[in-house]
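Data file: entry_29.cif. Format and content: mmCIF, C-alpha atoms.
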```
data_data
#
loop_
_atom_site.label_atom_id
_atom_site.label_comp_id
_atom_site.auth_asym_id
_atom_site.auth_seq_id
_atom_site.Cartn_x
_atom_site.Cartn_y
_atom_site.Cartn_z
CA VAL V 1 -37.65 24.42 -2.92
CA THR V 2 -36.65 25.11 -6.55
CA VAL V 3 -33.39 27.00 -7.24
CA TYR V 4 -32.76 28.54 -10.69
CA LYS V 5 -29.15 29.19 -11.83
CA THR V 6 -28.18 30.81 -15.16
CA ASP V 7 -24.72 30.25 -16.69
CA THR V 8 -23.63 32.44 -19.67
CA LEU V 9 -20.87 31.34 -22.09
CA ARG V 10 -19.25 33.78 -24.50
CA LEU V 11 -17.27 32.48 -27.52
CA GLU V 12 -15.21 34.71 -29.83
CA ALA V 13 -14.47 33.48 -33.34
CA PRO V 14 -10.75 33.59 -34.28
CA ALA V 15 -9.74 36.07 -37.00
CA ALA V 16 -8.69 34.26 -40.23
CA ALA V 17 -8.02 37.44 -42.12
CA PRO V 18 -7.79 41.09 -41.43
CA VAL V 19 -11.44 41.63 -40.73
CA HIS V 20 -12.68 44.57 -38.83
CA ASP V 21 -15.91 42.86 -37.54
CA THR V 22 -16.06 40.78 -34.32
CA VAL V 23 -18.66 38.05 -33.91
CA ARG V 24 -19.70 37.06 -30.42
CA VAL V 25 -21.74 33.90 -29.87
CA THR V 26 -23.70 33.78 -26.59
CA ASN V 27 -25.11 30.47 -25.28
CA THR V 28 -27.37 30.60 -22.20
CA VAL V 29 -27.79 27.43 -20.14
CA THR V 30 -30.49 27.21 -17.43
CA ARG V 31 -29.99 24.58 -14.72
CA VAL V 32 -32.80 23.66 -12.28
CA ASP V 33 -31.94 22.00 -8.96
CA THR V 34 -34.78 20.57 -6.86
CA VAL V 35 -34.30 20.23 -3.10
CA THR V 36 -36.81 18.27 -1.00
CA VAL V 37 -37.23 19.54 2.55
CA THR V 38 -38.85 17.17 5.08
CA PRO V 39 -40.92 19.08 7.66
CA PRO V 40 -39.95 18.47 11.29
CA PRO V 41 -42.14 15.98 13.21
CA ARG V 42 -45.06 17.45 15.11
CA PRO V 43 -44.38 17.72 18.85
CA VAL V 44 -46.20 15.18 21.00
CA ARG V 45 -48.62 16.90 23.38
CA LEU V 46 -49.29 14.98 26.57
CA PRO V 47 -52.15 15.72 28.98
CA ASN V 48 -51.00 18.06 31.71
CA GLY V 49 -52.64 20.14 34.43
CA PHE V 50 -56.27 20.41 35.48
CA TYR V 51 -58.84 17.95 34.20
CA PHE V 52 -62.44 16.89 34.69
CA GLY V 53 -64.15 13.65 33.78
CA LEU V 54 -66.98 11.17 34.07
CA ALA V 55 -67.09 7.44 34.75
CA GLY V 56 -69.60 4.63 35.06
CA GLY V 57 -69.65 1.01 36.12
CA VAL V 58 -70.86 -1.32 38.83
CA SER V 59 -70.30 -1.37 42.59
CA ALA V 60 -70.18 -4.53 44.75
CA PRO V 61 -71.11 -4.44 48.48
CA ASN V 62 -68.84 -5.96 51.09
CA GLY V 63 -68.57 -6.20 54.86
CA ALA V 64 -71.68 -4.97 56.68
CA LEU V 65 -73.40 -4.34 53.32
CA PHE V 66 -72.73 -7.77 51.82
CA ASN V 67 -75.63 -9.85 53.18
CA PRO V 68 -78.69 -7.65 52.54
CA ASN V 69 -77.44 -6.00 49.32
CA SER V 70 -76.12 -7.01 45.92
CA ALA V 71 -74.14 -5.27 43.18
CA GLY V 72 -75.69 -2.23 41.54
CA PRO V 73 -74.96 0.55 39.04
CA SER V 74 -72.49 3.28 39.89
CA ALA V 75 -71.64 6.69 38.36
CA GLN V 76 -68.87 9.16 39.10
CA ALA V 77 -67.70 12.72 38.34
CA GLN V 78 -64.12 13.77 39.07
CA LEU V 79 -61.94 16.89 39.05
CA GLY V 80 -58.19 16.93 39.57
CA TRP V 81 -54.69 17.97 38.62
CA GLN V 82 -51.96 15.71 37.22
CA GLY V 83 -48.74 16.50 35.35
CA ALA V 84 -48.01 14.09 32.50
CA LYS V 85 -44.50 13.36 33.75
CA GLN V 86 -45.05 14.01 37.46
CA MET V 87 -45.68 11.14 39.82
CA LEU V 88 -47.98 12.88 42.32
CA GLY V 89 -51.36 14.45 41.58
CA ILE V 90 -54.61 15.25 43.41
CA ARG V 91 -58.23 14.34 42.66
CA GLY V 92 -61.67 14.95 44.10
CA ASP V 93 -64.70 12.97 43.02
CA VAL V 94 -68.31 12.16 43.83
CA ASN V 95 -69.39 8.54 43.47
CA TRP V 96 -73.07 7.47 43.44
CA THR V 97 -74.24 3.88 43.89
CA LYS V 98 -77.63 2.19 44.04
CA PRO V 99 -77.12 -1.26 45.59
CA GLY V 100 -79.18 -4.11 44.25
CA GLU V 101 -81.62 -6.22 46.25
CA ASP V 102 -80.79 -9.56 47.84
CA SER V 103 -83.81 -11.84 47.52
CA ARG V 104 -83.49 -13.18 51.09
CA TYR V 105 -83.86 -9.68 52.53
CA SER V 106 -86.18 -8.12 49.96
CA GLY V 107 -88.63 -7.11 52.67
CA LEU V 108 -86.01 -4.78 54.16
CA GLN V 109 -85.10 -3.08 50.88
CA ALA V 110 -86.41 0.40 50.17
CA ASP V 111 -84.55 1.65 47.07
CA PRO V 112 -81.23 2.63 48.74
CA ASP V 113 -78.85 5.39 47.58
CA VAL V 114 -75.21 5.88 48.56
CA LEU V 115 -73.09 8.99 47.88
CA ASN V 116 -69.33 9.07 48.47
CA PHE V 117 -67.34 12.33 48.47
CA ASN V 118 -63.63 11.57 48.05
CA ALA V 119 -60.50 13.74 48.41
CA ASP V 120 -57.45 11.80 47.22
CA LEU V 121 -53.79 11.76 46.33
CA LYS V 122 -52.95 10.01 43.06
CA LEU V 123 -49.55 8.34 42.58
CA GLN V 124 -48.62 7.73 38.93
CA LEU V 125 -45.90 5.10 38.47
CA PRO V 126 -43.19 5.80 35.82
CA PHE V 127 -43.28 2.33 34.25
CA LEU V 128 -44.26 1.09 30.76
CA THR V 129 -45.29 4.61 29.73
CA HIS V 130 -44.65 4.03 25.99
CA THR V 131 -46.24 0.59 25.73
CA PHE V 132 -48.63 1.92 23.05
CA GLY V 133 -46.13 4.12 21.16
CA ALA V 134 -44.63 7.58 21.46
CA THR V 135 -47.89 9.51 20.91
CA HIS V 136 -49.79 7.66 23.67
CA ARG V 137 -48.88 7.48 27.34
CA PHE V 138 -49.80 4.39 29.35
CA GLY V 139 -50.13 4.80 33.10
CA ILE V 140 -50.37 2.65 36.21
CA TYR V 141 -51.52 4.53 39.30
CA GLY V 142 -52.58 4.17 42.89
CA ILE V 143 -55.19 6.39 44.53
CA GLY V 144 -56.40 6.88 48.08
CA GLY V 145 -57.52 9.32 50.74
CA TYR V 146 -60.50 10.57 52.73
CA THR V 147 -64.14 9.58 52.07
CA HIS V 148 -67.36 11.05 53.43
CA THR V 149 -70.31 8.70 52.85
CA MET V 150 -74.02 9.57 52.83
CA PHE V 151 -76.70 6.88 52.55
CA LYS V 152 -80.42 6.31 53.05
CA ASN V 153 -82.76 3.29 52.90
CA LEU V 154 -79.68 1.08 53.17
CA PRO V 155 -80.08 -2.21 55.11
CA MET V 156 -77.02 -3.27 57.04
CA ARG V 157 -75.69 -6.25 58.97
CA VAL V 158 -75.31 -5.81 62.75
CA ASP V 159 -73.30 -8.29 64.84
CA THR V 160 -74.31 -9.48 68.30
CA GLN V 161 -72.14 -10.49 71.24
CA ASP V 162 -72.90 -14.21 70.83
CA GLY V 163 -71.45 -14.26 67.30
CA SER V 164 -74.74 -14.15 65.41
CA PHE V 165 -76.01 -11.22 63.39
CA PHE V 166 -79.23 -9.61 62.27
CA ILE V 167 -80.16 -7.19 59.49
CA THR V 168 -81.42 -3.71 60.25
CA PRO V 169 -83.59 -1.95 57.63
CA GLY V 170 -82.45 1.40 56.28
CA THR V 171 -84.01 4.69 57.31
CA GLY V 172 -85.48 7.28 54.94
CA SER V 173 -83.25 10.08 56.24
CA TRP V 174 -79.63 10.59 55.17
CA THR V 175 -76.98 9.09 57.45
CA HIS V 176 -73.41 10.48 57.39
CA GLU V 177 -70.17 8.55 58.03
CA ASN V 178 -66.47 9.39 57.68
CA GLY V 179 -64.05 6.86 56.25
CA TRP V 180 -61.33 6.20 53.68
CA ASN V 181 -60.74 4.86 50.19
CA ALA V 182 -57.82 3.14 48.44
CA GLY V 183 -57.28 1.45 45.10
CA GLY V 184 -55.65 1.80 41.71
CA GLY V 185 -56.13 1.81 37.98
CA LEU V 186 -54.76 1.86 34.44
CA SER V 187 -54.90 4.82 32.06
CA LEU V 188 -54.12 5.66 28.43
CA SER V 189 -53.69 9.32 27.44
CA TRP V 190 -53.09 11.30 24.24
CA GLY V 191 -53.67 14.91 23.22
CA ARG V 192 -56.17 16.34 25.70
CA THR V 193 -57.89 13.02 26.45
CA GLU V 194 -57.39 10.20 28.95
CA ILE V 195 -59.35 6.97 29.41
CA PHE V 196 -59.02 4.87 32.55
CA LEU V 197 -60.14 1.64 34.23
CA GLU V 198 -60.19 1.79 38.03
CA SER V 199 -61.24 -0.09 41.14
CA ARG V 200 -60.94 0.76 44.84
CA VAL V 201 -62.44 0.17 48.28
CA LEU V 202 -64.71 2.83 49.85
CA ALA V 203 -65.07 2.08 53.55
CA PHE V 204 -66.41 3.39 56.85
CA ASP V 205 -66.85 1.84 60.32
CA PRO V 206 -70.38 1.97 61.78
CA SER V 207 -70.56 2.04 65.56
CA ASN V 208 -72.71 -1.11 65.83
CA ALA V 209 -71.66 -3.13 62.77
CA PRO V 210 -68.58 -4.52 61.02
CA GLN V 211 -66.77 -2.34 58.55
CA SER V 212 -68.96 -1.27 55.64
CA ARG V 213 -67.26 -1.46 52.23
CA GLN V 214 -68.15 -0.72 48.61
CA ILE V 215 -65.97 -1.84 45.70
CA PRO V 216 -66.76 0.09 42.50
CA PHE V 217 -65.33 -1.01 39.13
CA MET V 218 -65.31 2.08 36.92
CA PHE V 219 -64.51 2.89 33.29
CA GLY V 220 -64.14 6.62 32.60
CA MET V 221 -62.71 9.48 30.59
CA ASN V 222 -60.91 12.70 31.55
CA TRP V 223 -60.45 15.88 29.51
CA TYR V 224 -57.51 18.27 30.10
#
```

Can you present the structure in this file as structure tokens?
Amino acid sequence: VTVYKTDTLRLEAPAAAPVHDTVRVTNTVTRVDTVTVTPPPRPVRLPNGFYFGLAGGVSAPNGALFNPNSAGPSAQAQLGWQGAKQMLGIRGDVNWTKPGEDSRYSGLQADPDVLNFNADLKLQLPFLTHTFGATHRFGIYGIGGYTHTMFKNLPMRVDTQDGSFFITPGTGSWTHENGWNAGGGLSLSWGRTEIFLESRVLAFDPSNAPQSRQIPFMFGMNWY
């Protein structure tokens, strides 16, 4: 901002003799003051409200799925709501996994597919939120809730009463089971974007087998 000020000085010459003329001398001085104004800092916008996202990674079998299957690729799509400074949020997601083949049971494998539909509560812990500065928000969270699992062509371990077990081949039709999921993750958010690293257990209890568990390790991104 530049401010201009004008000062005017008027000087009258003294009369040395009876003179009837008056001489006025005018001197104009211009002074320029420069003021520097620093703009206020831009407000930090944190992700808040509804979001959707995608994730990918690998899923490891456990329990009744451990013997005849190995780790395989996994993909996920999620939709949820989470306030930036609120501890509790909700999330729904669909997780797809294609377990790998264990060489000892390759004859029972038939290209399995597993779909998990999850409805969860998400608890965001209020710790270490400014680890990466004021414009980024670091998060530690736990997640868990209900899981509905669909699978086909999935071999599974079945226990017997004498303590031994055998492997049943999967069927070509979809099988449905109800279960649960629980886990946690780390997130880093800024603007309208959030990246996260997450792992959890997706489980159900077959009627004739030990508990069936999948453990996906996912890296993903959400957009608010």

CA of Arg157 in chain V to CA of Arg213 in chain V, distance in Å rounded to a single decimal
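Taking CA of Arg157 in chain V as the start and CA of Arg213 in chain V as the end point, the length is 11.8 Å.
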
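Compared by their closest atoms to Thr129 in chain V, and using all atoms listed in the file, the residues V:Leu54, V:Gly191, V:Phe165, V:Lys85 rank with V:Lys85 nearest.
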
List the residues selected by the PyMOL selection byres ((chain V and resi 121) around 6) in the file shown, writing them as JSON, numbers by chain.
{"V": [89, 90, 120, 122, 143, 144]}

Kindly resolve the PyMOL selection byres ((chain V and resi 167) around 8) on the present coordinates and return the residues as number ranges by chain.
V: 68, 155-158, 165-166, 168-169

Could you write out as a ChimeraX atom specification the residues that the PyMOL selection byres ((chain V and resi 87) around 10) matches in the shown file?
/V:82-86,88-89,122-126,141

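Pairwise distance (CA of Thr135 in chain V, CA of Arg200 in chain V) equals 28.6 Å.
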
Pick from V:Asn178, V:Ser74, V:Ser189, V:Asn95: nearest to Arg137 in chain V, with all atoms listed in the file counted?
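Smallest distance to Arg137 in chain V is found for V:Ser189.
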
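Distances here use only C-alpha atoms; by that measure, the residue among V:Ala182, V:Leu154, V:Leu128, V:Leu79 closest to Gly142 in chain V is V:Ala182.
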
Provide the CA of Leu197 in chain V to CA of Ala55 in chain V distance in Å, to one decimal place.
9.1 Å

Determine the nearest neighbour of His136 in chain V from the options V:Phe204, V:Trp190, V:Phe196, V:Phe66, counting all atoms listed in the file.
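Result for the nearest residue to His136 in chain V: V:Trp190.
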
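Near Asp159 in chain V, within 8 Å and counting all atoms listed in the file, sit Gly163, Ser164, Phe165, Phe166, Asn208, Ala209 and Pro210 of chain V, not including residues fewer than 3 positions from it in the same chain.
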